[in-house]
Amino acid sequence: MLRKMQQTVRVRFAPSPTGELHIGGVRTALFNWLFARNNNGQFILRVDDTDKQRSSEIYLQSILNSFRWLNLDWDEGPEVGGSYGPYRQSERLNFYLEEVERLLEQGKAYTCFCTAEELEADREKCRSLGQPPRYSGRCRNLTPDDISAKKKKGFSYVIRAITPESGETVVDDLIRGKVFFENKVFDDPIIIKSDGLPTYNFASVVDDHKMKITHVIRAEEHLSNTPRQQIIALQLGYELPSYAHVPMILAPDHSKLSKRHGATSVQEYRDLGILPEALLNYLALLGWSPGHDREIMSMAEMIELFSLERVSKNPAVYDMQKLIWLNGHYLRNASTVRITEMAIPFLLKESIISEEQVSQEKEKIEAVVGLVKEKVKTLSEIAEASVYFFHDDFVYDQAGVEKHFKKDGAAQMLIQIEEALQKASAFSAEELEKTFADLSKKTQIPLNKINPATRLAVTGRLMGPDLFPLLALLGREKVLARIKKARALFCLD
RNA sequence: GGCCCCUUCGUCUAAUCGGUUAGGACACCAGCCUUUCAAGCUGGCAGCAGGGGUUCGAAUCCCCUAGGGGUCACCA
């Protein structure tokens with residue numbers, strides 16, 4: 001504990017820009033971030049873009065946007081810089097080559113000319129013998145003359161690091177304890193590819209060291225990679241960071257989360273109308289708990305309570321319903337002004353309002369959102385529930401029409417409602433509530449007939465926000481016009 | 001298949017060194033509230049994967065079995 005305090009905690013999240021940031025990545029990033037903030041340490045973003053083919057700037061920008069949207073800030077990394085940069089692996093080639101040169105000189109790595117076909121043949125042979133596929137070590141003992149001759153002929157080559165053939169490597173994991181691996185199951189890993197770029201296992205080790213990373217917190221899928229990285233680190237003479245492998249997030253069918261399971265990227269959740277704080281709170285609960293019955297937590301509370309010791313070992317199945325529930329909670333408790341800002345893009349996208357209205361009718365939009373947000377769970381539902389405040393040409397619920405309009409006396413009732421509303425002294429929620437109560441008393445028609453009929457006439461629906469504030473917001477003119485229209489459209493007499 | 005990890009309600013999880021009527025949350029069901037639907041409140045349903053040990057006592061420690069997941073690339 002004391003030793004931990006002496007050294008500033010430095011953690012990193014190292015996405016490769018080959019796709020959108022997905023929720024598994026966010027959860028890993030979040031745990032890193034919480035751990036850093038809890039320890040007054042630094043959270044570093046590093047771009048693992050050594051796969052030239054698949055990496056793209058578009059994805060990097062999208063990932064950074066997702067981080068910004070989630071409000072997860074990084075102390076060092078792209079755009080903010082830092083004293084251990086550059087933070088893109090594609091710009092750190094000189095570091096890797098320097099280290100490879102050293103390994104080569106020390107005889108801890110060697111040049112390998114084996115072709116893909118040769119390697120495949122080797123693997124095939126191993127398989128047929130019932131053994132695990134393993135590199136034969138054919139090029140380990142090439143002489144310097146062999147090597148320069150082959151290079152001169154233009155053969156392509158890679159650099160491999162030498163792995164001990166016996167003994168074992170122990171990964172001391174903060175979450176799982178000591179995990180033992182026999183060295184004989186590993187072959188000599190490629191550290192520099194034939195395109196001259198480092199492989200993940202090498203670049204990652206070099207960067208973690210050069211960036212003074214103290215804790216490597218990553219998904220469990222990397223656990224079996226860790227001994228290979230430790231072996232490389234050993235060859236390089238590095239001191240090892242602490243490791244913590246967090247459990248994976250699984251789809252409801254217990255398989256690995258993928259596109260076919262629906263939304264997987266942060267961007268998709270954003271488009272669905274999920275709030276960033278809800279997503280983070282939910283993700284924090286997947287594989288971690290503060291220990292007591294606490295579930296809804298602000299970022300400040302999560303920072304305060306987070307510890308790796310309380311991260312669980314077993315994979316967590318992802319449950320959309322609980323996320324939605326949490327989102328509803330945050331939606332209701334957030335300020336109307338903020339939710340309105342966030343809902344506007346959804347209203348625009350569904351053509352419920354125009355750009356012009358955004359600038360000219362902000363107050364009305366806020367009033368609508370304020371009324372409607374109590375009943376919904378996502379921002380896109382806000383849009384859906386707001387339609388009739390801005391459009392007169394909505395469709396009427398068919399079952400509702402049968403039940404409330406196509407009955408004897410329905411027209412009479414609507415007329416009476418109209419008259420009462422016309423005479424109402426003020427068109428406020430309180431006044432309207434009184435108006436309806438009086439009407440019910442006078443006509444002997446119960447409120448549970450008057451109210452739904454009014455709602456149906458005015459909104460086309462049977463459900464929605466409280467009726468009286470709804471009517472008040474719509475205004476006398478629109479309400480009366482809509483009741484007239486419904487009467488003309490549906491009533492028998 | 002080899003190696004590695006994991007196993008508490010349907011799902012996420014709690015239960016400090018072994019002693020709890022195994023707790024909470026989502027979902028589901030019922031009731032209350034109510035002008036609707038939600039929300040909220042109250043209550044209910046539901047779990048220690050199986051089998052052996054160790055122990056006065058095991059969800060908790062050990063072993064085995066089963067199941068799930070990961071990994072074995074010139075992807076990260």
# chains A, B, ... in the order shown; residues from 1 in each chain; ligands from 1
>>> interface_residues(of="chain B", to="chain A", cutoff="10 Å", atoms="only C-alpha atoms (C1' of nucleotides)", output="ChimeraX atom specification")
/B:1-7,11-15,23-27,35-39,68-76
>>> residues_around(residues="A:Lys406", least_positions_apart="4", cutoff="8 Å", atoms="only C-alpha atoms (C1' of nucleotides)", output="number ranges by chain")
A: 401-402, 410, 490-492
>>> atom_distance(atom1="atom CA of A:Lys442", atom2="atom CA of A:Lys407")
20.4 Å
>>> select_by_dssp(residues="stretch 93-207 of chain A", states="alpha helix (DSSP H)", output="PyMOL selection string")
chain A and resi 93-105+116-128+144-152+200-207
>>> atom_distance(atom1="atom C1' of B:C64", atom2="atom C1' of B:C17")
27.0 Å
>>> closest_residue(among="A:Phe155, A:Phe43, A:Tyr243, A:Phe13", to="A:Asp73", atoms="only C-alpha atoms")
A:Phe43
>>> atom_distance(atom1="atom CA of A:His209", atom2="atom CA of A:Leu103")
15.5 Å
>>> decode(residues="stretch 12-27 of chain B", atoms="all heavy atoms", output="tab-separated table (two decimals), in the first residue's frame")
chain	number	residue	atom	x	y	z
B	12	C	P	-25.24	-12.24	-15.23
B	12	C	OP1	-23.99	-12.46	-15.97
B	12	C	OP2	-25.64	-13.20	-14.17
B	12	C	O5'	-25.20	-10.78	-14.59
B	12	C	C5'	-24.90	-9.65	-15.41
B	12	C	C4'	-24.89	-8.42	-14.55
B	12	C	O4'	-26.22	-8.17	-14.03
B	12	C	C3'	-24.04	-8.54	-13.30
B	12	C	O3'	-22.68	-8.30	-13.60
B	12	C	C2'	-24.65	-7.48	-12.40
B	12	C	O2'	-24.24	-6.19	-12.77
B	12	C	C1'	-26.14	-7.65	-12.71
B	12	C	N1	-26.79	-8.60	-11.79
B	12	C	C2	-27.25	-8.11	-10.55
B	12	C	O2	-27.08	-6.92	-10.27
B	12	C	N3	-27.85	-8.97	-9.68
B	12	C	C4	-28.01	-10.25	-10.03
B	12	C	N4	-28.61	-11.05	-9.15
B	12	C	C5	-27.56	-10.77	-11.28
B	12	C	C6	-26.96	-9.91	-12.12
B	13	U	P	-21.54	-8.98	-12.71
B	13	U	OP1	-20.26	-8.48	-13.22
B	13	U	OP2	-21.78	-10.43	-12.61
B	13	U	O5'	-21.82	-8.28	-11.31
B	13	U	C5'	-21.58	-8.94	-10.10
B	13	U	C4'	-22.33	-8.19	-9.01
B	13	U	O4'	-23.75	-8.37	-9.20
B	13	U	C3'	-22.08	-8.70	-7.61
B	13	U	O3'	-20.89	-8.11	-7.09
B	13	U	C2'	-23.32	-8.23	-6.88
B	13	U	O2'	-23.26	-6.85	-6.59
B	13	U	C1'	-24.40	-8.46	-7.95
B	13	U	N1	-25.03	-9.78	-7.84
B	13	U	C2	-25.85	-10.00	-6.75
B	13	U	O2	-26.06	-9.14	-5.92
B	13	U	N3	-26.42	-11.24	-6.68
B	13	U	C4	-26.24	-12.28	-7.56
B	13	U	O4	-26.81	-13.35	-7.36
B	13	U	C5	-25.37	-11.99	-8.67
B	13	U	C6	-24.81	-10.78	-8.77
B	14	A	P	-20.06	-8.89	-6.01
B	14	A	OP1	-18.84	-8.10	-5.80
B	14	A	OP2	-19.98	-10.31	-6.36
B	14	A	O5'	-20.99	-8.72	-4.72
B	14	A	C5'	-21.23	-7.42	-4.20
B	14	A	C4'	-21.94	-7.50	-2.87
B	14	A	O4'	-23.30	-7.97	-3.04
B	14	A	C3'	-21.37	-8.47	-1.85
B	14	A	O3'	-20.22	-7.94	-1.22
B	14	A	C2'	-22.53	-8.56	-0.88
B	14	A	O2'	-22.61	-7.42	-0.06
B	14	A	C1'	-23.72	-8.57	-1.84
B	14	A	N9	-24.20	-9.93	-2.12
B	14	A	C8	-24.07	-10.67	-3.26
B	14	A	N7	-24.63	-11.86	-3.18
B	14	A	C5	-25.15	-11.90	-1.91
B	14	A	C6	-25.89	-12.88	-1.20
B	14	A	N6	-26.21	-14.06	-1.72
B	14	A	N1	-26.27	-12.59	0.06
B	14	A	C2	-25.94	-11.40	0.58
B	14	A	N3	-25.27	-10.40	0.02
B	14	A	C4	-24.91	-10.72	-1.24
B	15	A	P	-19.10	-8.91	-0.69
B	15	A	OP1	-18.07	-8.07	-0.08
B	15	A	OP2	-18.73	-9.87	-1.76
B	15	A	O5'	-19.86	-9.74	0.44
B	15	A	C5'	-20.25	-9.11	1.65
B	15	A	C4'	-21.07	-10.08	2.47
B	15	A	O4'	-22.21	-10.51	1.69
B	15	A	C3'	-20.35	-11.38	2.82
B	15	A	O3'	-19.56	-11.23	3.98
B	15	A	C2'	-21.51	-12.32	3.05
B	15	A	O2'	-22.08	-12.16	4.32
B	15	A	C1'	-22.50	-11.85	1.98
B	15	A	N9	-22.41	-12.63	0.74
B	15	A	C8	-21.72	-12.34	-0.40
B	15	A	N7	-21.84	-13.24	-1.35
B	15	A	C5	-22.66	-14.19	-0.79
B	15	A	C6	-23.18	-15.42	-1.28
B	15	A	N6	-22.92	-15.90	-2.50
B	15	A	N1	-23.97	-16.13	-0.47
B	15	A	C2	-24.23	-15.66	0.76
B	15	A	N3	-23.82	-14.53	1.33
B	15	A	C4	-23.03	-13.84	0.50
B	16	U	P	-18.11	-11.87	3.99
B	16	U	OP1	-17.32	-11.06	3.07
B	16	U	OP2	-18.27	-13.30	3.74
B	16	U	O5'	-17.52	-11.66	5.44
B	16	U	C5'	-16.16	-11.97	5.69
B	16	U	C4'	-15.24	-10.92	5.12
B	16	U	O4'	-15.78	-9.62	5.47
B	16	U	C3'	-13.82	-10.94	5.72
B	16	U	O3'	-12.93	-11.67	4.88
B	16	U	C2'	-13.43	-9.48	5.69
B	16	U	O2'	-12.95	-9.08	4.43
B	16	U	C1'	-14.76	-8.79	5.96
B	16	U	N1	-15.04	-8.54	7.38
B	16	U	C2	-14.83	-7.26	7.85
B	16	U	O2	-14.44	-6.36	7.13
B	16	U	N3	-15.10	-7.08	9.17
B	16	U	C4	-15.55	-8.02	10.06
B	16	U	O4	-15.74	-7.71	11.23
B	16	U	C5	-15.74	-9.32	9.49
B	16	U	C6	-15.48	-9.54	8.20
B	17	C	P	-13.19	-13.13	4.29
B	17	C	OP1	-12.42	-13.14	3.04
B	17	C	OP2	-14.63	-13.47	4.25
B	17	C	O5'	-12.48	-14.06	5.36
B	17	C	C5'	-11.09	-14.27	5.31
B	17	C	C4'	-10.63	-14.81	6.62
B	17	C	O4'	-10.59	-13.76	7.62
B	17	C	C3'	-11.54	-15.84	7.27
B	17	C	O3'	-11.40	-17.10	6.68
B	17	C	C2'	-11.09	-15.83	8.71
B	17	C	O2'	-9.95	-16.63	8.90
B	17	C	C1'	-10.71	-14.34	8.89
B	17	C	N1	-11.68	-13.61	9.72
B	17	C	C2	-12.41	-12.54	9.23
B	17	C	O2	-12.25	-12.18	8.08
B	17	C	N3	-13.30	-11.90	10.03
B	17	C	C4	-13.46	-12.30	11.29
B	17	C	N4	-14.33	-11.64	12.04
B	17	C	C5	-12.74	-13.38	11.80
B	17	C	C6	-11.86	-14.00	10.99
B	18	G	P	-12.33	-18.41	7.00
B	18	G	OP1	-12.50	-18.48	8.44
B	18	G	OP2	-11.80	-19.53	6.27
B	18	G	O5'	-13.67	-18.01	6.24
B	18	G	C5'	-14.73	-17.51	6.91
B	18	G	C4'	-15.91	-18.48	6.79
B	18	G	O4'	-15.42	-19.81	6.61
B	18	G	C3'	-16.73	-18.43	8.07
B	18	G	O3'	-17.91	-17.67	7.85
B	18	G	C2'	-16.88	-19.92	8.51
B	18	G	O2'	-18.21	-20.31	8.50
B	18	G	C1'	-16.15	-20.69	7.40
B	18	G	N9	-15.27	-21.75	7.92
B	18	G	C8	-13.98	-21.66	8.30
B	18	G	N7	-13.47	-22.81	8.67
B	18	G	C5	-14.53	-23.72	8.51
B	18	G	C6	-14.58	-25.12	8.76
B	18	G	O6	-13.69	-25.87	9.15
B	18	G	N1	-15.85	-25.64	8.46
B	18	G	C2	-16.89	-24.89	8.00
B	18	G	N2	-18.03	-25.56	7.78
B	18	G	N3	-16.85	-23.60	7.77
B	18	G	C4	-15.64	-23.08	8.05
B	19	G	P	-19.31	-17.52	8.15
B	19	G	OP1	-19.88	-17.70	6.83
B	19	G	OP2	-19.42	-16.26	8.84
B	19	G	O5'	-19.91	-18.64	9.10
B	19	G	C5'	-20.82	-19.63	8.59
B	19	G	C4'	-22.01	-19.79	9.53
B	19	G	O4'	-21.56	-20.48	10.72
B	19	G	C3'	-22.60	-18.44	9.96
B	19	G	O3'	-24.00	-18.39	9.83
B	19	G	C2'	-22.02	-18.20	11.38
B	19	G	O2'	-22.97	-17.67	12.23
B	19	G	C1'	-21.61	-19.61	11.84
B	19	G	N9	-20.32	-19.69	12.52
B	19	G	C8	-19.30	-18.78	12.65
B	19	G	N7	-18.29	-19.25	13.32
B	19	G	C5	-18.66	-20.56	13.65
B	19	G	C6	-17.98	-21.57	14.36
B	19	G	O6	-16.85	-21.50	14.86
B	19	G	N1	-18.73	-22.74	14.46
B	19	G	C2	-19.98	-22.92	13.93
B	19	G	N2	-20.54	-24.07	14.13
B	19	G	N3	-20.62	-21.98	13.27
B	19	G	C4	-19.91	-20.84	13.16
B	20	U	P	-25.23	-19.13	9.77
B	20	U	OP1	-25.31	-19.90	11.02
B	20	U	OP2	-25.33	-19.85	8.50
B	20	U	O5'	-26.31	-17.99	9.79
B	20	U	C5'	-26.02	-16.73	10.49
B	20	U	C4'	-26.82	-15.65	9.78
B	20	U	O4'	-26.07	-15.17	8.65
B	20	U	C3'	-28.13	-16.14	9.19
B	20	U	O3'	-29.16	-15.99	10.14
B	20	U	C2'	-28.35	-15.21	8.00
B	20	U	O2'	-29.07	-14.06	8.41
B	20	U	C1'	-26.94	-14.82	7.60
B	20	U	N1	-26.48	-15.49	6.38
B	20	U	C2	-25.89	-14.70	5.40
B	20	U	O2	-25.73	-13.51	5.53
B	20	U	N3	-25.49	-15.38	4.27
B	20	U	C4	-25.61	-16.71	4.00
B	20	U	O4	-25.19	-17.16	2.96
B	20	U	C5	-26.24	-17.46	5.07
B	20	U	C6	-26.65	-16.84	6.18
B	21	U	P	-30.09	-17.26	10.49
B	21	U	OP1	-30.95	-16.87	11.60
B	21	U	OP2	-29.18	-18.44	10.65
B	21	U	O5'	-30.96	-17.47	9.18
B	21	U	C5'	-31.62	-18.71	8.96
B	21	U	C4'	-32.75	-18.52	7.99
B	21	U	O4'	-33.75	-17.67	8.60
B	21	U	C3'	-32.37	-17.79	6.70
B	21	U	O3'	-31.96	-18.73	5.73
B	21	U	C2'	-33.67	-17.15	6.28
B	21	U	O2'	-34.48	-18.03	5.52
B	21	U	C1'	-34.37	-16.88	7.62
B	21	U	N1	-34.28	-15.47	8.02
B	21	U	C2	-35.28	-14.62	7.58
B	21	U	O2	-36.19	-14.98	6.86
B	21	U	N3	-35.14	-13.31	7.98
B	21	U	C4	-34.15	-12.79	8.79
B	21	U	O4	-34.18	-11.60	9.07
B	21	U	C5	-33.16	-13.73	9.20
B	21	U	C6	-33.26	-15.01	8.81
B	22	A	P	-30.66	-18.49	4.96
B	22	A	OP1	-30.47	-19.71	4.16
B	22	A	OP2	-29.63	-18.05	5.92
B	22	A	O5'	-30.98	-17.32	3.90
B	22	A	C5'	-30.74	-15.97	4.21
B	22	A	C4'	-29.70	-15.40	3.28
B	22	A	O4'	-28.81	-16.45	2.83
B	22	A	C3'	-30.21	-14.81	1.98
B	22	A	O3'	-30.70	-13.51	2.18
B	22	A	C2'	-28.96	-14.82	1.13
B	22	A	O2'	-28.07	-13.78	1.52
B	22	A	C1'	-28.35	-16.17	1.53
B	22	A	N9	-28.74	-17.24	0.62
B	22	A	C8	-29.59	-18.27	0.87
B	22	A	N7	-29.74	-19.09	-0.15
B	22	A	C5	-28.93	-18.55	-1.13
B	22	A	C6	-28.64	-18.95	-2.44
B	22	A	N6	-29.17	-20.04	-2.99
B	22	A	N1	-27.79	-18.18	-3.15
B	22	A	C2	-27.28	-17.09	-2.58
B	22	A	N3	-27.47	-16.61	-1.36
B	22	A	C4	-28.31	-17.40	-0.67
B	23	G	P	-32.22	-13.16	1.82
B	23	G	OP1	-33.06	-13.52	2.96
B	23	G	OP2	-32.48	-13.77	0.49
B	23	G	O5'	-32.19	-11.59	1.69
B	23	G	C5'	-31.92	-10.79	2.83
B	23	G	C4'	-31.09	-9.60	2.42
B	23	G	O4'	-29.73	-10.03	2.12
B	23	G	C3'	-31.52	-8.93	1.12
B	23	G	O3'	-32.61	-8.06	1.30
B	23	G	C2'	-30.24	-8.20	0.73
B	23	G	O2'	-30.03	-7.07	1.53
B	23	G	C1'	-29.21	-9.27	1.05
B	23	G	N9	-29.03	-10.15	-0.11
B	23	G	C8	-29.49	-11.44	-0.31
B	23	G	N7	-29.18	-11.92	-1.48
B	23	G	C5	-28.48	-10.90	-2.11
B	23	G	C6	-27.89	-10.83	-3.39
B	23	G	O6	-27.87	-11.70	-4.27
B	23	G	N1	-27.28	-9.59	-3.62
B	23	G	C2	-27.25	-8.56	-2.72
B	23	G	N2	-26.65	-7.45	-3.12
B	23	G	N3	-27.80	-8.60	-1.51
B	23	G	C4	-28.38	-9.79	-1.27
B	24	G	P	-33.66	-7.83	0.10
B	24	G	OP1	-34.82	-7.12	0.64
B	24	G	OP2	-33.82	-9.12	-0.62
B	24	G	O5'	-32.86	-6.84	-0.86
B	24	G	C5'	-32.49	-5.55	-0.38
B	24	G	C4'	-31.61	-4.86	-1.39
B	24	G	O4'	-30.43	-5.68	-1.63
B	24	G	C3'	-32.20	-4.68	-2.77
B	24	G	O3'	-33.07	-3.57	-2.84
B	24	G	C2'	-30.95	-4.47	-3.60
B	24	G	O2'	-30.42	-3.18	-3.40
B	24	G	C1'	-30.00	-5.50	-2.98
B	24	G	N9	-30.08	-6.78	-3.68
B	24	G	C8	-30.69	-7.94	-3.26
B	24	G	N7	-30.58	-8.91	-4.13
B	24	G	C5	-29.85	-8.37	-5.18
B	24	G	C6	-29.42	-8.96	-6.40
B	24	G	O6	-29.60	-10.11	-6.82
B	24	G	N1	-28.71	-8.04	-7.19
B	24	G	C2	-28.45	-6.73	-6.83
B	24	G	N2	-27.76	-6.02	-7.71
B	24	G	N3	-28.84	-6.18	-5.68
B	24	G	C4	-29.52	-7.06	-4.91
B	25	A	P	-34.26	-3.56	-3.91
B	25	A	OP1	-35.03	-2.34	-3.67
B	25	A	OP2	-34.93	-4.89	-3.91
B	25	A	O5'	-33.49	-3.43	-5.30
B	25	A	C5'	-32.81	-2.23	-5.63
B	25	A	C4'	-32.18	-2.35	-6.98
B	25	A	O4'	-31.17	-3.39	-6.94
B	25	A	C3'	-33.11	-2.80	-8.09
B	25	A	O3'	-33.89	-1.74	-8.61
B	25	A	C2'	-32.12	-3.35	-9.11
B	25	A	O2'	-31.47	-2.31	-9.79
B	25	A	C1'	-31.13	-4.06	-8.19
B	25	A	N9	-31.51	-5.47	-8.00
B	25	A	C8	-32.14	-6.05	-6.93
B	25	A	N7	-32.35	-7.35	-7.09
B	25	A	C5	-31.83	-7.62	-8.34
B	25	A	C6	-31.74	-8.81	-9.10
B	25	A	N6	-32.20	-9.99	-8.68
B	25	A	N1	-31.17	-8.73	-10.32
B	25	A	C2	-30.72	-7.55	-10.75
B	25	A	N3	-30.74	-6.36	-10.13
B	25	A	C4	-31.31	-6.47	-8.92
B	26	C	P	-35.29	-2.04	-9.29
B	26	C	OP1	-35.93	-0.73	-9.55
B	26	C	OP2	-35.99	-3.09	-8.52
B	26	C	O5'	-34.88	-2.68	-10.70
B	26	C	C5'	-34.21	-1.89	-11.68
B	26	C	C4'	-33.92	-2.74	-12.89
B	26	C	O4'	-33.05	-3.84	-12.50
B	26	C	C3'	-35.12	-3.44	-13.50
B	26	C	O3'	-35.82	-2.57	-14.37
B	26	C	C2'	-34.46	-4.58	-14.25
B	26	C	O2'	-33.87	-4.15	-15.45
B	26	C	C1'	-33.36	-4.99	-13.28
B	26	C	N1	-33.79	-6.07	-12.37
B	26	C	C2	-33.85	-7.38	-12.89
B	26	C	O2	-33.53	-7.57	-14.07
B	26	C	N3	-34.24	-8.39	-12.08
B	26	C	C4	-34.57	-8.14	-10.82
B	26	C	N4	-34.96	-9.16	-10.06
B	26	C	C5	-34.54	-6.83	-10.27
B	26	C	C6	-34.14	-5.83	-11.08
B	27	A	P	-37.42	-2.72	-14.51
B	27	A	OP1	-37.83	-1.78	-15.57
B	27	A	OP2	-38.02	-2.62	-13.16
B	27	A	O5'	-37.60	-4.21	-15.02
B	27	A	C5'	-37.25	-4.57	-16.35
B	27	A	C4'	-37.47	-6.04	-16.56
B	27	A	O4'	-36.58	-6.79	-15.70
B	27	A	C3'	-38.86	-6.55	-16.18
B	27	A	O3'	-39.78	-6.33	-17.22
B	27	A	C2'	-38.58	-8.04	-15.97
B	27	A	O2'	-38.47	-8.72	-17.19
B	27	A	C1'	-37.21	-7.99	-15.28
B	27	A	N9	-37.36	-7.95	-13.82
B	27	A	C8	-37.32	-6.86	-13.00
B	27	A	N7	-37.51	-7.15	-11.73
B	27	A	C5	-37.68	-8.53	-11.73
B	27	A	C6	-37.93	-9.45	-10.69
B	27	A	N6	-38.03	-9.11	-9.41
B	27	A	N1	-38.06	-10.75	-11.03
B	27	A	C2	-37.95	-11.10	-12.32
B	27	A	N3	-37.72	-10.32	-13.39
B	27	A	C4	-37.59	-9.04	-13.02
